[in-house]
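Dropping upload-v1.cif in here (mmCIF, C-alpha atoms):
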data_protein
loop_
_atom_site.label_atom_id
_atom_site.label_comp_id
_atom_site.auth_asym_id
_atom_site.auth_seq_id
_atom_site.Cartn_x
_atom_site.Cartn_y
_atom_site.Cartn_z
CA MET A 1 -3.97 153.22 192.07
CA ALA A 2 -7.17 152.95 190.03
CA SER A 3 -10.45 153.96 191.64
CA PRO A 4 -12.03 151.04 193.47
CA VAL A 5 -15.13 149.08 192.52
CA LEU A 6 -17.39 148.30 195.47
CA VAL A 7 -19.56 145.19 195.52
CA THR A 8 -22.32 145.14 198.12
CA GLY A 9 -23.20 141.62 199.16
CA GLY A 10 -19.82 140.60 197.80
CA THR A 11 -19.72 137.44 199.91
CA GLY A 12 -23.10 136.19 198.64
CA ARG A 13 -24.03 133.81 195.85
CA LEU A 14 -23.80 136.34 193.03
CA GLY A 15 -21.47 138.79 194.75
CA LYS A 16 -18.62 136.29 195.03
CA LEU A 17 -18.78 135.62 191.30
CA VAL A 18 -18.79 139.35 190.53
CA VAL A 19 -15.77 139.91 192.78
CA ALA A 20 -13.86 137.15 191.00
CA ARG A 21 -14.68 138.59 187.56
CA LEU A 22 -13.58 142.06 188.69
CA GLN A 23 -10.29 140.70 189.95
CA ASP A 24 -9.76 138.88 186.66
CA SER A 25 -10.27 142.27 184.97
CA GLY A 26 -7.54 143.83 187.10
CA CYS A 27 -9.86 145.97 189.24
CA TYR A 28 -9.18 147.18 192.75
CA VAL A 29 -12.12 145.59 194.57
CA ARG A 30 -13.93 146.43 197.78
CA VAL A 31 -16.59 144.26 199.39
CA LEU A 32 -19.32 145.47 201.71
CA ALA A 33 -21.25 142.97 203.80
CA ARG A 34 -23.08 142.97 207.11
CA TYR A 35 -20.83 140.39 208.74
CA GLY A 36 -17.12 139.75 208.34
CA ARG A 37 -16.28 136.80 206.12
CA PRO A 38 -13.15 135.56 204.33
CA THR A 39 -12.49 137.34 201.04
CA PRO A 40 -9.96 136.64 198.28
CA PRO A 41 -6.46 138.12 198.61
CA GLY A 42 -6.30 141.70 197.39
CA VAL A 43 -9.94 142.49 198.25
CA THR A 44 -10.64 145.17 200.86
CA PHE A 45 -13.50 144.24 203.17
CA PHE A 46 -15.90 146.67 204.86
CA THR A 47 -18.46 145.70 207.49
CA ALA A 48 -21.60 147.83 207.26
CA ASP A 49 -25.34 147.57 207.74
CA LEU A 50 -27.21 148.82 204.69
CA ARG A 51 -30.57 148.71 206.44
CA THR A 52 -29.48 151.13 209.19
CA GLY A 53 -26.89 153.02 207.14
CA GLN A 54 -24.19 152.35 209.72
CA GLY A 55 -20.65 152.07 208.31
CA ILE A 56 -21.49 152.63 204.62
CA GLU A 57 -19.57 155.85 203.92
CA PRO A 58 -16.02 154.49 204.30
CA ALA A 59 -16.88 151.72 201.82
CA VAL A 60 -18.32 154.02 199.15
CA ALA A 61 -15.78 156.84 199.53
CA ALA A 62 -13.92 157.45 196.25
CA ALA A 63 -15.50 154.39 194.60
CA ALA A 64 -15.80 154.73 190.83
CA VAL A 65 -18.44 152.01 190.57
CA ILE A 66 -20.82 150.39 193.04
CA ILE A 67 -22.34 147.04 192.05
CA HIS A 68 -25.30 146.55 194.36
CA CYS A 69 -25.77 142.79 194.77
CA ALA A 70 -26.88 142.76 198.40
CA THR A 71 -30.47 141.63 198.75
CA SER A 72 -32.87 140.22 201.32
CA THR A 73 -36.47 139.09 201.46
CA ARG A 74 -37.21 142.34 203.28
CA GLY A 75 -35.64 145.77 203.57
CA ASP A 76 -34.14 146.10 200.08
CA ALA A 77 -35.70 149.49 199.43
CA GLU A 78 -34.40 150.99 202.67
CA ALA A 79 -30.96 149.43 202.12
CA THR A 80 -30.79 150.89 198.63
CA ARG A 81 -31.92 154.30 199.87
CA ASN A 82 -29.16 154.32 202.51
CA LEU A 83 -26.56 153.22 199.96
CA VAL A 84 -27.61 155.96 197.53
CA ALA A 85 -27.51 158.59 200.26
CA ALA A 86 -24.00 157.62 201.33
CA ALA A 87 -22.74 157.40 197.74
CA SER A 88 -24.21 160.81 196.91
CA ARG A 89 -22.44 162.40 199.89
CA THR A 90 -19.04 160.97 198.98
CA GLY A 91 -18.94 161.14 195.18
CA SER A 92 -20.76 160.28 191.98
CA ALA A 93 -20.11 156.58 191.51
CA HIS A 94 -21.71 154.60 188.67
CA LEU A 95 -24.39 152.60 190.51
CA VAL A 96 -25.18 149.21 189.01
CA TYR A 97 -28.22 147.40 190.38
CA VAL A 98 -29.31 143.83 189.69
CA SER A 99 -33.06 143.28 189.70
CA ILE A 100 -35.66 140.76 188.51
CA VAL A 101 -37.32 140.28 185.14
CA GLY A 102 -41.04 140.95 185.21
CA ILE A 103 -41.32 142.50 188.67
CA ASP A 104 -43.63 145.23 187.42
CA ARG A 105 -46.13 142.48 186.49
CA ILE A 106 -46.00 140.83 189.93
CA ALA A 107 -45.56 143.99 192.00
CA SER A 108 -48.28 142.96 194.45
CA TRP A 109 -45.92 140.25 195.78
CA GLY A 110 -43.78 141.34 198.72
CA TYR A 111 -40.25 140.77 197.46
CA PRO A 112 -40.82 141.97 193.87
CA LYS A 113 -42.60 145.05 195.22
CA THR A 114 -39.55 145.95 197.29
CA LYS A 115 -37.19 145.32 194.37
CA LEU A 116 -39.27 147.59 192.18
CA GLN A 117 -39.09 150.31 194.83
CA ALA A 118 -35.31 149.87 194.94
CA GLU A 119 -35.16 150.27 191.14
CA GLN A 120 -37.00 153.58 191.45
CA ILE A 121 -34.62 154.77 194.15
CA VAL A 122 -31.64 154.00 191.90
CA ALA A 123 -33.21 155.70 188.88
CA GLU A 124 -34.05 158.82 190.87
CA SER A 125 -30.75 158.92 192.79
CA GLY A 126 -29.03 161.58 190.70
CA LEU A 127 -26.09 159.21 190.32
CA PRO A 128 -25.05 157.65 187.00
CA TRP A 129 -26.90 154.33 187.00
CA THR A 130 -27.47 151.02 185.27
CA ILE A 131 -30.16 148.46 186.13
CA LEU A 132 -29.96 144.88 184.89
CA ARG A 133 -33.04 142.72 185.33
CA VAL A 134 -32.34 138.99 185.26
CA THR A 135 -34.43 135.83 185.44
CA GLN A 136 -34.23 133.24 188.23
CA PHE A 137 -30.80 131.78 188.93
CA TYR A 138 -30.12 128.10 188.31
CA ASP A 139 -28.96 127.86 191.93
CA TYR A 140 -32.43 128.90 193.08
CA CYS A 141 -34.05 126.35 190.76
CA LEU A 142 -31.73 123.62 192.03
CA THR A 143 -32.47 124.40 195.67
CA ASN A 144 -36.20 124.17 195.01
CA ALA A 145 -35.85 121.02 192.92
CA ARG A 146 -34.00 119.32 195.76
CA ARG A 147 -36.65 120.42 198.24
CA LEU A 148 -39.54 119.22 196.09
CA SER A 149 -37.89 115.88 195.33
CA ARG A 150 -37.84 114.92 199.01
CA PHE A 151 -41.45 113.77 198.63
CA PRO A 152 -42.48 110.49 196.95
CA VAL A 153 -44.89 112.59 194.92
CA ALA A 154 -43.15 115.85 194.05
CA PRO A 155 -45.53 118.83 193.81
CA VAL A 156 -44.52 121.52 191.35
CA PRO A 157 -46.20 124.83 190.38
CA ALA A 158 -48.33 124.22 187.31
CA GLY A 159 -47.95 126.43 184.27
CA PHE A 160 -44.89 128.34 185.48
CA THR A 161 -43.02 129.16 182.26
CA VAL A 162 -39.52 130.42 183.01
CA GLN A 163 -36.15 131.06 181.40
CA PRO A 164 -33.62 130.76 184.24
CA VAL A 165 -30.00 131.81 183.90
CA ASP A 166 -26.60 130.76 185.18
CA PRO A 167 -25.36 133.27 187.82
CA ARG A 168 -21.88 133.12 186.27
CA ASP A 169 -23.29 134.51 183.04
CA VAL A 170 -24.98 137.24 185.07
CA ALA A 171 -21.72 138.08 186.86
CA ASP A 172 -19.96 138.44 183.52
CA ARG A 173 -22.65 140.78 182.24
CA LEU A 174 -22.71 142.88 185.42
CA VAL A 175 -18.97 143.44 185.24
CA GLU A 176 -19.23 144.31 181.56
CA LEU A 177 -21.91 146.91 182.36
CA ALA A 178 -20.09 148.21 185.42
CA LEU A 179 -16.87 148.89 183.54
CA GLY A 180 -18.72 150.63 180.71
CA GLU A 181 -20.74 153.82 180.54
CA PRO A 182 -24.02 154.01 182.51
CA VAL A 183 -26.93 152.91 180.30
CA GLY A 184 -30.00 153.26 182.55
CA ARG A 185 -32.16 150.18 181.98
CA ALA A 186 -29.96 147.61 180.27
CA PRO A 187 -31.60 144.87 178.19
CA ASP A 188 -32.97 142.16 180.47
CA MET A 189 -31.00 138.93 180.76
CA ALA A 190 -32.11 135.28 180.71
CA GLY A 191 -30.73 131.85 180.05
CA PRO A 192 -30.74 130.17 176.62
CA GLN A 193 -33.82 127.95 177.17
CA VAL A 194 -37.50 128.59 177.86
CA SER A 195 -38.78 125.89 180.19
CA THR A 196 -41.37 125.16 182.87
CA TRP A 197 -40.93 124.35 186.52
CA THR A 198 -42.20 120.86 185.72
CA ASP A 199 -39.49 120.35 183.10
CA LEU A 200 -36.78 121.78 185.37
CA LEU A 201 -37.75 119.34 188.14
CA ARG A 202 -37.83 116.41 185.75
CA GLY A 203 -34.43 117.41 184.43
CA TYR A 204 -33.06 117.41 187.95
CA LEU A 205 -34.60 114.02 188.75
CA LYS A 206 -33.07 112.54 185.60
CA ALA A 207 -29.63 114.02 186.25
CA SER A 208 -29.63 112.87 189.89
CA HIS A 209 -31.01 109.40 189.04
CA ARG A 210 -34.09 109.82 191.24
CA ARG A 211 -37.53 108.41 190.56
CA ARG A 212 -40.49 110.51 191.69
CA TRP A 213 -44.02 111.17 190.54
CA VAL A 214 -44.22 114.78 189.46
CA LEU A 215 -47.54 116.44 190.29
CA PRO A 216 -48.24 119.90 188.78
CA VAL A 217 -50.31 121.95 191.24
CA ARG A 218 -52.19 125.13 190.35
CA ILE A 219 -51.24 127.90 192.80
CA PRO A 220 -53.83 130.65 193.40
CA GLY A 221 -52.76 134.20 192.64
CA THR A 222 -50.16 133.28 190.03
CA ARG A 223 -52.03 134.04 186.81
CA ALA A 224 -49.43 136.63 185.76
CA VAL A 225 -46.66 134.05 186.03
CA ARG A 226 -48.69 131.49 184.10
CA ASN A 227 -49.13 134.18 181.43
CA GLY A 228 -45.37 134.65 181.11
CA ALA A 229 -44.62 137.44 183.58
CA LEU A 230 -41.23 135.92 184.42
CA LEU A 231 -40.10 135.69 180.78
CA PRO A 232 -37.81 138.37 179.34
CA PRO A 233 -39.05 140.78 176.67
CA PRO A 234 -37.76 140.76 173.08
CA GLY A 235 -34.22 142.04 172.69
CA HIS A 236 -32.95 140.53 175.92
CA THR A 237 -29.38 139.35 176.50
CA VAL A 238 -28.94 135.57 176.52
CA GLY A 239 -26.60 133.60 178.74
CA SER A 240 -24.65 130.70 177.30
CA ARG A 241 -24.98 127.92 179.88
CA THR A 242 -27.90 125.50 179.84
CA TRP A 243 -29.74 124.00 182.81
CA GLU A 244 -28.44 120.55 181.85
CA ALA A 245 -24.82 121.73 181.80
CA PHE A 246 -25.28 123.45 185.14
CA LEU A 247 -26.78 120.32 186.69
CA THR A 248 -23.97 118.13 185.37
CA THR A 249 -21.34 120.36 186.98
CA GLN A 250 -23.16 120.82 190.28
CA LEU A 251 -23.94 117.13 190.76
CA ARG A 252 -20.38 116.17 189.85
CA GLN A 253 -19.08 118.61 192.46
CA GLN A 254 -21.48 117.17 195.02
CA VAL A 255 -20.16 113.66 194.40
CA THR A 256 -16.55 114.88 194.65
CA THR A 257 -17.26 116.72 197.92
CA THR A 258 -18.96 113.76 199.59
CA ALA A 259 -16.51 111.13 198.30
#
Output the structure of this file as structure tokens.
Amino acid sequence: MASPVLVTGGTGRLGKLVVARLQDSGCYVRVLARYGRPTPPGVTFFTADLRTGQGIEPAVAAAAVIIHCATSTRGDAEATRNLVAAASRTGSAHLVYVSIVGIDRIASWGYPKTKLQAEQIVAESGLPWTILRVTQFYDYCLTNARRLSRFPVAPVPAGFTVQPVDPRDVADRLVELALGEPVGRAPDMAGPQVSTWTDLLRGYLKASHRRRWVLPVRIPGTRAVRNGALLPPPGHTVGSRTWEAFLTTQLRQQVTTTA
């Protein structure tokens, strides 16, 4: 049997897509998550707590590749440190970590600061490693667009220039990197369109047939973002799916589910 590929956070938004792509590629897949959840047939599930280190070693033992998708608004650095320690004790797996475009320019923010620390832990782990920084997921943009559109006047961050990406494109790229040789910092990844949060919200309102006043609001402490901190550098990898195509599919699925 081929050496397994472990996906941490394999039941999450991105992790589930990565698991599916790995299975399509014929890989023997393991999933590590904090709580037991249903997984596709043929996937081996491990319950472990990355933040305490409890239960990690059986999941990483003999793994050829570890794709680290697990993330939280707090504790990512400690979780990554525990994962690296366990992986180093049990082998020399290729560690693939998904991070965020531009975090070194917004490192004073809590979550980006922790993600940047996790990147450093991966790079200094002594394991073969690959880090892929990606822009904001369309799912995240959709969740926020829905939240903002609840108000008659929808407030939106002013001057936020972004280039969000479809998580399915990211999953494809992560699997491609994971099954190849370690590359260190891979080229960053973004979607095919540069936009603003104002335009994303208006696109959602149009696609969902809602009428709202859109009010751009300047948010203190976000100068770096207004100056393009969340945009990928030259030479980045580009996903294929547009925001409009994503919205069309998601809203169609919503109608089918509620019908």
For stretch 66-176 of chain A against stretch 190-201 of chain A, with a cut-off of 7 Å and counting all atoms listed in the file, what is the closest atom pair and its distance in Å to one decimal for every residue that makes the cut, ordered by chain and number, as a tab-separated table?
residue	atom	partner	partner_atom	distance
A:Val134	CA	A:Ala190	CA	5.9
A:Thr135	CA	A:Ala190	CA	5.3
A:Ala145	CA	A:Leu201	CA	5.4
A:Val156	CA	A:Thr198	CA	6.1
A:Pro157	CA	A:Trp197	CA	6.6
A:Gly159	CA	A:Thr196	CA	6.8
A:Phe160	CA	A:Thr196	CA	5.4
A:Thr161	CA	A:Thr196	CA	4.4
A:Val162	CA	A:Ser195	CA	5.4
A:Gln163	CA	A:Val194	CA	4.5
A:Pro164	CA	A:Gly191	CA	5.2
A:Val165	CA	A:Gly191	CA	3.9
A:Asp166	CA	A:Gly191	CA	6.7
- Item | the PyMOL selection byres ((chain A and resi 98-103) around 6) resolved against shown file, as a ChimeraX atom specification | /A:97,104-107,112,131-135,229-230
- Of the candidates A:Thr73, A:Thr237, A:Leu247, A:Ser25, which shows the shortest atom-to-atom distance to A:Trp109, using only C-alpha atoms? A:Thr73
Could you give me the axis-aligned bounding box of stretch 202-207 of chain A, with 8 Å of padding per side, as centre plus edge lengths in Å to one decimal, as lines of an AutoDock Vina configuration file?
center_x = -33.7
center_y = 115.0
center_z = 186.6
size_x = 24.2
size_y = 20.9
size_z = 20.3
- Query: Using all atoms listed in the file, can you list as a PyMOL selection string the residues within 12 Å of (-23.7, 158.8, 191.4)?
  - Reply: chain A and resi 60-67+83-96+121-130+182
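Distance annotation: of A:Ala207, A:Leu32, A:Ala245, A:Ala158, the residue with the minimal separation from A:Thr222 is A:Ala158; atom set is all atoms listed in the file.
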- Given the file shown, determine the residues that the PyMOL selection byres ((chain A and resi 168-174) around 7) selects; report them as a ChimeraX atom specification. /A:14,17-18,21,166-167,175-178,239
Hey, what comes out of the PyMOL selection byres ((chain A and resi 76) around 9) on this file? Could you write it as a CSV table (one decimal) with C-alpha atoms, in the coordinates of the input?
chain,number,residue,atom,x,y,z
A,50,LEU,CA,-27.2,148.8,204.7
A,51,ARG,CA,-30.6,148.7,206.4
A,70,ALA,CA,-26.9,142.8,198.4
A,71,THR,CA,-30.5,141.6,198.8
A,72,SER,CA,-32.9,140.2,201.3
A,73,THR,CA,-36.5,139.1,201.5
A,74,ARG,CA,-37.2,142.3,203.3
A,75,GLY,CA,-35.6,145.8,203.6
A,77,ALA,CA,-35.7,149.5,199.4
A,78,GLU,CA,-34.4,151.0,202.7
A,79,ALA,CA,-31.0,149.4,202.1
A,80,THR,CA,-30.8,150.9,198.6
A,81,ARG,CA,-31.9,154.3,199.9
A,111,TYR,CA,-40.2,140.8,197.5
A,114,THR,CA,-39.6,146.0,197.3
A,115,LYS,CA,-37.2,145.3,194.4
A,117,GLN,CA,-39.1,150.3,194.8
A,118,ALA,CA,-35.3,149.9,194.9
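Atom pair atom CA of A:Leu251 / atom CA of A:Pro216: separated by 24.5 Å.
Distance annotation: of A:Gly110, A:Gly228, A:Arg185, A:Cys141, the residue with the minimal separation from A:Gly203 is A:Cys141; atom set is only C-alpha atoms.
Going from atom CA of A:His68 over to atom CA of A:Leu6, you cover 8.2 Å.
Across the structure, atom CA of A:Arg212 and atom CA of A:Pro152 are spaced 5.6 Å apart.
Shortest atom-to-atom contact with A:Arg218 among A:Pro155, A:Gly36, A:Phe45, A:Thr249: A:Pro155, counting all atoms listed in the file.
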- Item | Top pick for closest residue to A:Arg211, considering A:Ser149, A:Ser3, A:Gln253, A:Thr242 and counting only C-alpha atoms | A:Ser149
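Proximity of A:Gln136, A:Ala20, A:Phe46, A:Val153 to A:Leu231, computed with only C-alpha atoms, is greatest for A:Gln136.
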